[in-house]
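Structure data follow from final18.cif (mmCIF, C-alpha atoms):
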data_my_file
#
loop_
_atom_site.label_atom_id
_atom_site.label_comp_id
_atom_site.auth_asym_id
_atom_site.auth_seq_id
_atom_site.Cartn_x
_atom_site.Cartn_y
_atom_site.Cartn_z
CA MET A 1 -24.72 98.97 4.11
CA PHE A 2 -21.97 96.40 4.63
CA GLN A 3 -20.40 98.21 7.57
CA THR A 4 -23.76 98.92 9.19
CA ILE A 5 -24.82 95.27 9.20
CA SER A 6 -21.31 94.19 10.22
CA PHE A 7 -21.27 96.47 13.25
CA ILE A 8 -24.74 95.24 14.25
CA ALA A 9 -23.41 91.67 14.05
CA ALA A 10 -20.32 92.65 16.09
CA PHE A 11 -22.46 94.33 18.75
CA GLN A 12 -24.78 91.32 19.02
CA SER A 13 -21.82 88.95 19.20
CA LEU A 14 -20.30 90.94 22.06
CA PHE A 15 -23.71 91.16 23.76
CA PHE A 16 -24.17 87.38 23.65
CA ALA A 17 -20.62 86.89 24.95
CA VAL A 18 -21.34 89.11 27.94
CA LEU A 19 -24.59 87.23 28.65
CA ILE A 20 -22.77 83.91 28.70
CA ILE A 21 -19.80 85.20 30.70
CA THR A 22 -22.08 86.60 33.41
CA LYS A 23 -23.97 83.32 33.83
CA LYS A 24 -23.73 81.59 37.17
CA ASN A 25 -22.10 78.15 37.31
CA LYS A 26 -20.51 78.48 33.89
CA SER A 27 -19.55 75.23 32.22
CA VAL A 28 -16.45 74.63 30.10
CA LEU A 29 -18.68 74.93 27.06
CA ASP A 30 -19.89 78.35 28.25
CA LYS A 31 -16.30 79.58 28.55
CA HIS A 32 -15.30 78.37 25.10
CA LEU A 33 -18.51 79.68 23.56
CA SER A 34 -18.01 83.15 25.06
CA GLY A 35 -14.41 83.11 23.82
CA TRP A 36 -15.64 82.27 20.32
CA LEU A 37 -18.12 85.14 20.39
CA ILE A 38 -15.43 87.60 21.49
CA LEU A 39 -13.18 86.39 18.69
CA LEU A 40 -16.06 86.78 16.27
CA THR A 41 -16.62 90.35 17.47
CA VAL A 42 -12.98 91.34 16.90
CA ASN A 43 -12.88 89.48 13.58
CA ILE A 44 -15.98 91.22 12.23
CA VAL A 45 -14.70 94.67 13.25
CA CYS A 46 -11.30 94.07 11.64
CA ILE A 47 -12.77 92.86 8.34
CA SER A 48 -15.33 95.66 8.26
CA LEU A 49 -12.82 98.44 8.89
CA SER A 50 -10.29 96.92 6.48
CA GLN A 51 -12.81 97.39 3.67
CA ASN A 52 -13.25 101.10 4.42
CA GLU A 53 -10.99 102.92 1.98
CA ASN A 54 -11.61 106.23 3.74
CA LEU A 55 -9.62 105.08 6.77
CA SER A 56 -5.87 105.62 6.59
CA TYR A 57 -5.16 102.54 8.70
CA SER A 58 -7.59 100.18 6.93
CA GLY A 59 -4.75 98.40 5.13
CA TYR A 60 -3.22 97.32 8.43
CA LEU A 61 -6.41 95.46 9.40
CA VAL A 62 -6.51 93.18 6.35
CA TYR A 63 -4.00 90.73 7.81
CA PRO A 64 -5.57 90.34 11.31
CA GLY A 65 -9.02 90.16 9.72
CA TYR A 66 -8.06 87.12 7.66
CA ILE A 67 -5.75 85.37 10.14
CA LEU A 68 -8.30 85.57 12.99
CA SER A 69 -10.84 83.89 10.72
CA GLY A 70 -8.72 80.77 10.95
CA LEU A 71 -9.72 80.27 14.58
CA HIS A 72 -13.44 79.72 14.02
CA GLY A 73 -13.04 76.04 13.16
CA PHE A 74 -10.76 75.70 16.19
CA PHE A 75 -13.41 77.14 18.51
CA LEU A 76 -16.06 74.92 16.95
CA TYR A 77 -13.87 71.96 17.86
CA LEU A 78 -13.34 73.30 21.40
CA CYS A 79 -17.09 73.71 21.91
CA THR A 80 -17.76 70.25 20.51
CA LYS A 81 -15.19 68.63 22.77
CA SER A 82 -16.65 70.57 25.71
CA LEU A 83 -19.81 68.48 25.37
CA SER A 84 -18.03 65.60 27.09
CA SER A 85 -14.91 67.10 28.68
CA PHE A 86 -15.84 69.03 31.81
CA ASN A 87 -12.31 69.87 33.01
CA LEU A 88 -10.17 72.59 31.45
CA LYS A 89 -7.07 70.47 32.13
CA LYS A 90 -8.19 68.11 29.36
CA PHE A 91 -7.69 70.90 26.83
CA LYS A 92 -3.95 71.39 27.36
CA ARG A 93 -3.11 70.14 23.87
CA GLU A 94 -5.68 72.44 22.26
CA TYR A 95 -4.47 75.45 24.24
CA PHE A 96 -0.89 74.70 23.20
CA ILE A 97 -2.00 74.70 19.56
CA ALA A 98 -3.72 78.06 20.14
CA ILE A 99 -0.49 79.49 21.60
CA VAL A 100 1.50 78.28 18.59
CA TYR A 101 -1.07 79.82 16.27
CA GLY A 102 -0.85 83.07 18.23
CA ILE A 103 2.94 83.11 17.82
CA LEU A 104 2.52 82.59 14.08
CA ILE A 105 0.06 85.49 14.03
CA LEU A 106 2.63 87.79 15.65
CA ILE A 107 5.38 86.69 13.26
CA GLY A 108 3.07 87.18 10.31
CA PHE A 109 2.01 90.61 11.57
CA VAL A 110 5.66 91.72 11.63
CA LEU A 111 6.29 90.30 8.16
CA ASN A 112 3.12 91.95 6.92
CA GLY A 113 4.76 95.34 7.43
CA PHE A 114 7.59 94.42 5.06
CA TYR A 115 5.90 92.04 2.63
CA PRO A 116 2.14 92.81 2.66
CA GLN A 117 1.18 90.88 -0.46
CA PRO A 118 2.90 87.54 0.40
CA ALA A 119 1.75 87.86 4.01
CA ALA A 120 -1.86 88.28 2.88
CA ILE A 121 -1.69 85.18 0.68
CA ILE A 122 -0.03 83.09 3.38
CA SER A 123 -2.45 84.27 6.09
CA ARG A 124 -5.49 83.38 4.00
CA SER A 125 -4.07 79.95 3.17
CA VAL A 126 -3.13 79.18 6.77
CA ALA A 127 -6.53 80.36 8.04
CA PHE A 128 -8.36 78.23 5.48
CA LEU A 129 -6.36 75.06 6.20
CA PHE A 130 -6.60 75.56 9.97
CA ASN A 131 -10.39 75.87 9.69
CA VAL A 132 -10.77 72.81 7.48
CA PHE A 133 -8.66 70.67 9.80
CA PHE A 134 -10.61 71.48 12.96
CA ILE A 135 -14.02 71.39 11.29
CA VAL A 136 -13.25 67.82 10.18
CA LEU A 137 -12.25 66.94 13.75
CA ALA A 138 -15.44 68.51 15.10
CA VAL A 139 -17.63 66.54 12.70
CA ARG A 140 -15.89 63.33 13.77
CA LEU A 141 -16.70 64.17 17.38
CA PHE A 142 -20.35 64.70 16.43
CA HIS A 143 -20.57 61.09 15.27
CA TYR A 144 -18.89 59.88 18.45
CA TYR A 145 -21.35 61.76 20.66
CA LYS A 146 -24.27 60.51 18.61
CA ARG A 147 -23.22 56.94 19.40
CA PHE A 148 -22.78 57.88 23.05
CA LEU A 149 -26.29 59.31 23.27
CA GLU A 150 -27.96 56.38 21.54
CA THR A 151 -26.03 53.94 23.72
CA ASN A 152 -27.05 55.53 27.01
CA PHE A 153 -30.31 57.47 26.57
CA SER A 154 -33.76 56.39 25.43
CA ASN A 155 -34.73 59.97 24.54
CA VAL A 156 -31.99 62.15 23.09
CA ASP A 157 -33.99 65.30 22.33
CA LYS A 158 -33.07 67.02 25.60
CA VAL A 159 -29.39 66.22 25.19
CA SER A 160 -29.28 66.72 21.46
CA PHE A 161 -26.43 68.80 20.09
CA ASP A 162 -27.87 69.20 16.60
CA TRP A 163 -27.39 72.94 17.05
CA MET A 164 -23.64 72.29 17.11
CA ARG A 165 -23.87 70.28 13.90
CA PHE A 166 -25.91 73.12 12.41
CA LEU A 167 -23.15 75.54 13.45
CA ALA A 168 -20.59 73.35 11.69
CA PHE A 169 -22.49 73.50 8.40
CA GLY A 170 -23.16 77.20 8.95
CA LEU A 171 -19.45 77.79 9.46
CA ILE A 172 -18.65 75.85 6.30
CA ILE A 173 -21.09 78.06 4.36
CA LEU A 174 -19.63 81.15 6.01
CA LEU A 175 -16.04 80.28 5.16
CA GLY A 176 -16.99 79.12 1.69
CA GLY A 177 -18.78 82.41 1.09
CA ALA A 178 -15.77 84.35 2.32
CA LEU A 179 -13.49 82.40 -0.03
CA ILE A 180 -15.76 83.11 -2.98
CA LEU A 181 -15.87 86.82 -2.13
CA VAL A 182 -12.09 86.98 -1.92
CA ILE A 183 -11.72 85.31 -5.31
CA LEU A 184 -14.33 87.57 -6.92
CA HIS A 185 -12.85 90.69 -5.39
CA GLU A 186 -9.19 89.91 -6.05
CA PHE A 187 -9.36 88.33 -9.49
CA PHE A 188 -12.52 89.80 -11.02
CA SER A 189 -12.59 93.22 -9.31
CA PHE A 190 -16.16 92.88 -8.06
CA SER A 191 -17.43 95.85 -6.11
CA LEU A 192 -17.72 96.04 -2.33
CA SER A 193 -21.53 95.65 -2.53
CA LEU A 194 -21.05 91.88 -2.50
CA TYR A 195 -19.98 92.15 1.10
CA SER A 196 -23.40 93.47 2.05
CA ALA A 197 -25.02 90.14 1.23
CA PHE A 198 -22.24 88.30 3.04
CA SER A 199 -22.64 90.49 6.12
CA VAL A 200 -26.27 89.34 6.39
CA ILE A 201 -25.06 85.73 6.53
CA VAL A 202 -22.58 86.71 9.25
CA LEU A 203 -25.38 88.38 11.21
CA LEU A 204 -27.54 85.25 11.00
CA PHE A 205 -24.63 83.08 12.10
CA VAL A 206 -23.98 85.31 15.12
CA ASN A 207 -27.62 85.10 16.20
CA ILE A 208 -27.73 81.31 15.84
CA LEU A 209 -24.47 80.94 17.76
CA GLY A 210 -25.66 83.28 20.49
CA PHE A 211 -29.27 82.19 20.93
CA ARG A 212 -28.62 78.48 20.63
CA GLY A 213 -25.50 78.67 22.74
CA ILE A 214 -27.32 80.35 25.62
CA LYS A 215 -30.16 77.83 25.39
CA TYR A 216 -28.20 74.59 25.10
CA SER A 217 -24.70 75.29 26.40
CA THR A 218 -25.26 73.84 29.89
CA LEU A 219 -28.14 71.42 29.26
CA PHE A 220 -26.03 68.68 27.71
CA ASN A 221 -23.37 68.95 30.41
CA GLN A 222 -25.87 68.86 33.28
CA ILE A 223 -27.58 65.71 32.03
CA VAL A 224 -24.39 63.86 31.10
CA ILE A 225 -22.64 64.77 34.37
CA GLN A 226 -25.66 63.57 36.31
CA TYR A 227 -25.71 60.35 34.29
CA ASN A 228 -22.02 59.67 34.91
CA GLN A 229 -22.16 60.20 38.68
CA PRO A 230 -21.72 56.75 40.27
CA LYS A 231 -24.28 55.57 42.76
CA ALA A 232 -23.20 54.47 46.22
CA SER A 233 -23.91 50.81 45.44
CA GLU A 234 -22.07 50.77 42.15
CA SER A 235 -18.50 49.83 41.36
CA ASP A 236 -16.46 51.50 38.69
CA GLU A 237 -17.72 50.73 35.22
CA LEU A 238 -15.63 48.50 33.04
CA PRO A 239 -13.58 50.13 30.29
CA VAL A 240 -14.68 49.96 26.69
CA ASN A 241 -12.35 48.60 24.05
CA LYS A 242 -11.80 50.84 21.03
CA ASP A 243 -12.85 48.01 18.71
CA ASN A 244 -16.08 47.47 20.70
CA SER A 245 -15.24 43.79 21.24
CA TYR A 246 -16.16 41.96 24.45
CA ALA A 247 -13.59 39.19 24.41
CA ASN A 248 -11.45 40.41 27.30
CA TYR A 249 -13.98 41.80 29.76
CA GLY A 250 -17.51 41.00 28.64
CA LEU A 251 -20.04 38.30 29.42
CA LYS A 252 -19.59 34.81 28.08
CA GLN A 253 -22.08 33.78 25.45
CA ASP A 254 -24.17 31.63 27.81
CA ASP A 255 -24.31 34.43 30.40
CA ALA A 256 -25.26 36.92 27.70
CA ILE A 257 -28.20 34.70 26.66
CA ILE A 258 -29.35 34.41 30.28
CA LEU A 259 -29.16 38.19 30.73
CA SER A 260 -31.04 38.75 27.47
CA GLU A 261 -33.89 36.54 28.69
CA LYS A 262 -33.91 38.34 32.02
CA LEU A 263 -33.97 41.66 30.18
CA THR A 264 -36.83 40.61 27.91
CA LEU A 265 -38.90 39.39 30.84
CA TYR A 266 -38.29 42.62 32.74
CA MET A 267 -39.27 44.74 29.73
CA GLN A 268 -42.51 42.82 29.23
CA LYS A 269 -43.48 42.70 32.89
CA GLU A 270 -42.34 46.07 34.31
CA LYS A 271 -42.49 48.18 31.13
CA PRO A 272 -39.68 50.56 32.14
CA TYR A 273 -39.78 52.11 28.66
CA LEU A 274 -42.89 54.05 29.70
CA HIS A 275 -40.60 56.39 31.64
CA MET A 276 -39.39 59.22 29.39
CA ASP A 277 -36.06 59.66 31.14
CA LEU A 278 -35.04 56.00 31.18
CA THR A 279 -31.28 55.55 30.74
CA LEU A 280 -28.97 52.59 30.30
CA LYS A 281 -27.76 53.07 33.84
CA ASP A 282 -31.33 52.89 35.20
CA LEU A 283 -31.97 49.63 33.35
CA ALA A 284 -28.69 48.10 34.52
CA SER A 285 -29.43 49.09 38.11
CA ALA A 286 -32.88 47.45 37.93
CA LEU A 287 -31.30 44.22 36.65
CA ASP A 288 -28.41 44.46 39.13
CA THR A 289 -25.70 44.35 36.47
CA TYR A 290 -23.18 46.58 34.72
CA PRO A 291 -24.43 49.03 32.08
CA HIS A 292 -21.74 47.67 29.81
CA TYR A 293 -23.16 44.16 30.07
CA ILE A 294 -26.54 45.49 28.93
CA THR A 295 -24.84 47.16 25.98
CA GLN A 296 -23.11 43.90 25.07
CA VAL A 297 -26.38 41.98 25.15
CA LEU A 298 -28.17 44.60 23.07
CA ASN A 299 -25.40 44.65 20.47
CA THR A 300 -24.72 40.92 20.21
CA VAL A 301 -28.10 39.32 20.94
CA PHE A 302 -30.65 41.93 19.84
CA ASN A 303 -28.43 43.68 17.28
CA GLN A 304 -29.63 47.09 18.51
CA ASN A 305 -28.35 50.00 20.54
CA PHE A 306 -30.13 51.11 23.69
CA TYR A 307 -32.01 53.94 21.97
CA ASP A 308 -33.47 51.70 19.25
CA PHE A 309 -34.20 48.86 21.69
CA ILE A 310 -36.25 50.99 24.09
CA ASN A 311 -38.09 52.88 21.37
CA SER A 312 -39.06 49.65 19.59
CA TYR A 313 -40.93 48.67 22.78
CA ARG A 314 -42.51 52.10 22.93
CA ILE A 315 -43.73 51.80 19.36
CA GLU A 316 -45.29 48.40 20.06
CA GLU A 317 -47.03 49.86 23.11
CA VAL A 318 -48.33 52.77 21.02
CA LYS A 319 -49.61 50.39 18.34
CA GLU A 320 -51.56 48.39 20.93
CA ARG A 321 -53.10 51.47 22.46
CA LEU A 322 -54.03 53.01 19.11
CA LEU A 323 -56.19 49.95 18.40
CA ASP A 324 -57.55 49.65 21.95
CA SER A 325 -61.03 51.15 22.49
CA GLN A 326 -59.96 52.10 26.01
CA TYR A 327 -57.68 54.79 24.58
CA GLN A 328 -59.91 56.08 21.79
CA ASN A 329 -60.62 59.30 23.69
CA LEU A 330 -56.88 60.17 23.73
CA THR A 331 -55.05 61.90 20.93
CA VAL A 332 -52.21 60.12 19.17
CA LEU A 333 -49.71 62.51 20.72
CA ALA A 334 -51.08 61.93 24.23
CA ILE A 335 -50.65 58.18 23.75
CA ALA A 336 -47.11 58.72 22.50
CA TYR A 337 -46.20 60.74 25.58
CA ASP A 338 -47.78 58.13 27.86
CA CYS A 339 -45.63 55.50 26.18
CA GLY A 340 -42.38 57.30 26.88
CA PHE A 341 -41.77 59.62 23.94
CA ASN A 342 -41.02 63.26 24.68
CA SER A 343 -41.01 64.73 21.17
CA LYS A 344 -43.71 64.71 18.50
CA SER A 345 -41.23 64.86 15.62
CA THR A 346 -39.12 62.00 17.03
CA PHE A 347 -42.20 59.86 17.64
CA ASN A 348 -43.57 60.41 14.13
CA ARG A 349 -40.20 59.66 12.56
CA ILE A 350 -39.63 56.43 14.50
CA PHE A 351 -43.23 55.25 14.07
CA LYS A 352 -43.08 55.73 10.29
CA GLN A 353 -39.71 53.99 10.21
CA LYS A 354 -40.97 50.97 12.18
CA THR A 355 -44.42 50.55 10.64
CA GLY A 356 -44.39 52.28 7.26
CA PHE A 357 -47.45 54.33 8.30
CA THR A 358 -48.02 57.59 10.09
CA PRO A 359 -49.68 57.15 13.52
CA THR A 360 -52.97 58.54 12.22
CA GLN A 361 -52.95 56.24 9.21
CA TYR A 362 -52.26 53.27 11.43
CA ARG A 363 -55.12 54.17 13.79
CA ASN A 364 -57.60 54.63 10.96
#
Conversion result in structure tokens:
Amino acid sequence: MFQTISFIAAFQSLFFAVLIITKKNKSVLDKHLSGWLILLTVNIVCISLSQNENLSYSGYLVYPGYILSGLHGFFLYLCTKSLSSFNLKKFKREYFIAIVYGILILIGFVLNGFYPQPAAIISRSVAFLFNVFFIVLAVRLFHYYKRFLETNFSNVDKVSFDWMRFLAFGLIILLGGALILVILHEFFSFSLSLYSAFSVIVLLFVNILGFRGIKYSTLFNQIVIQYNQPKASESDELPVNKDNSYANYGLKQDDAIILSEKLTLYMQKEKPYLHMDLTLKDLASALDTYPHYITQVLNTVFNQNFYDFINSYRIEEVKERLLDSQYQNLTVLAIAYDCGFNSKSTFNRIFKQKTGFTPTQYRN
């Protein structure tokens, strides 16, 4: 049972890798994702065959099975960083780490022939620590990208990378389950049947990684690349300080107040928030200023990020229309879409957060 499900998972992992590799206009994320799936294929096969006592060479596959598992957190980090880094040259440090890890694998493989028991313990420990380290780094990047999205986009559903966050938690569950199985098997002599349940989890993880990867791997890159392309009339954007202060390059307080009044007037008169795809760059272009100046005003004067600022106007517009007899023939969702929202779940969540009522309750 265990080997059957494992080989199905390995086949699907390889199948998804081939689908991504053969895509046209592959992004950096596509390349790292396909590499992860190939690693997963080899890893699953090694672990599965190492548990087959009928094979004379099964003992030799225990070490590579465990040591390759240490690269899953590393590939999660690579894929996460690929959401904003579109040039392979920016991954030189990561590739160097991978080379060093590969050298350690070869050294360990040689030592495994002479000292199998110590090599197995060391390989499991190194794999576990390597995974933990890069999973932590990946989660930190998630929070950074979340701030980036909410600073620059009024709707983040299309550029959401929640599937990557889901993969991170899935990987944590996967590695935690593997650790528990090892402990039960080594110290309590539990039977191999436990691996059957674990193989189902592996199969689910492969499908999520494959399906979601194919669906979202290029979407984020396409939108962010398009957003970051400078327009002919624009100068280079000003750099952002790590501490998010504006003392050295931002607007003076009086100028920030003037821009905030100009921004408020423009929002009330032109209602740009009705456009679903409104970005910080669009708003700055309309006001003939730097996007970073808009961000400064939003943070210091309105105490909001761009995402919250725009959606607060959308909610107010929805509230007016829900109580206006002119819009009584429209559904709540139709009104939400007309006011700039592009997701029912996001609209309901923000509306409840801002008003304390569901849209239907508020209308009634």
Nearest-residue call for Lys90 (chain A), choices A:Val18, A:Lys281, A:Leu78, A:Leu68, using only C-alpha atoms: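 Going through A:Val18, A:Lys281, A:Leu78, A:Leu68 one by one, the smallest distance to Lys90 (chain A) is for A:Leu78.
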Result set of the PyMOL selection byres ((chain A and resi 88) around 12) on the coordinates above, as a list in words: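 Checking the PyMOL selection byres ((chain A and resi 88) around 12) against this file, the residues are Ser27, Val28, Leu29, Asp30, Lys31, His32, Leu78, Cys79, Lys81, Ser82, Ser84, Ser85, Phe86, Asn87, Lys89, Lys90, Phe91, Lys92, Arg93, Glu94 and Tyr95 of chain A.
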Explicit residues for the PyMOL selection byres ((chain A and resi 122-134) around 8) (as a list of chain:residue names):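 Selected by the PyMOL selection byres ((chain A and resi 122-134) around 8) here: A:Tyr63, A:Tyr66, A:Ile67, A:Leu68, A:Ser69, A:Gly70, A:Leu71, A:His72, A:Gly73, A:Phe74, A:Leu76, A:Tyr77, A:Gly108, A:Pro118, A:Ala119, A:Ala120, A:Ile121, A:Ile135, A:Val136, A:Leu137, A:Ala138, A:Leu175.
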d(CA of Asn152 (chain A), CA of Thr300 (chain A)) in Å: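 Interatomic distance here is 16.3 Å.
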Residues matched by the PyMOL selection byres ((chain A and resi 359) around 10) as a ChimeraX atom specification: /A:315,318-319,322,332-333,336,347-349,351-352,355-358,360-364
Distance of CA of Phe96 (chain A) from CA of Leu171 (chain A), expressed in Å to one decimal place: 23.3 Å
Residues near Asn305 (chain A), cut-off 7 Å, all atoms listed in the file, skip fewer than 3 positions along chain, as a PyMOL selection string: chain A and resi 150-151+298-299+308-309
Give me a file of those residues, with C-alpha atoms, as a JSON list (two decimals), in the frame of the given file.
[["chain", "number", "residue", "atom", "x", "y", "z"],
["A", 150, "GLU", "CA", -27.96, 56.38, 21.54],
["A", 151, "THR", "CA", -26.03, 53.94, 23.72],
["A", 298, "LEU", "CA", -28.17, 44.60, 23.07],
["A", 299, "ASN", "CA", -25.40, 44.65, 20.47],
["A", 308, "ASP", "CA", -33.47, 51.70, 19.25],
["A", 309, "PHE", "CA", -34.20, 48.86, 21.69]]
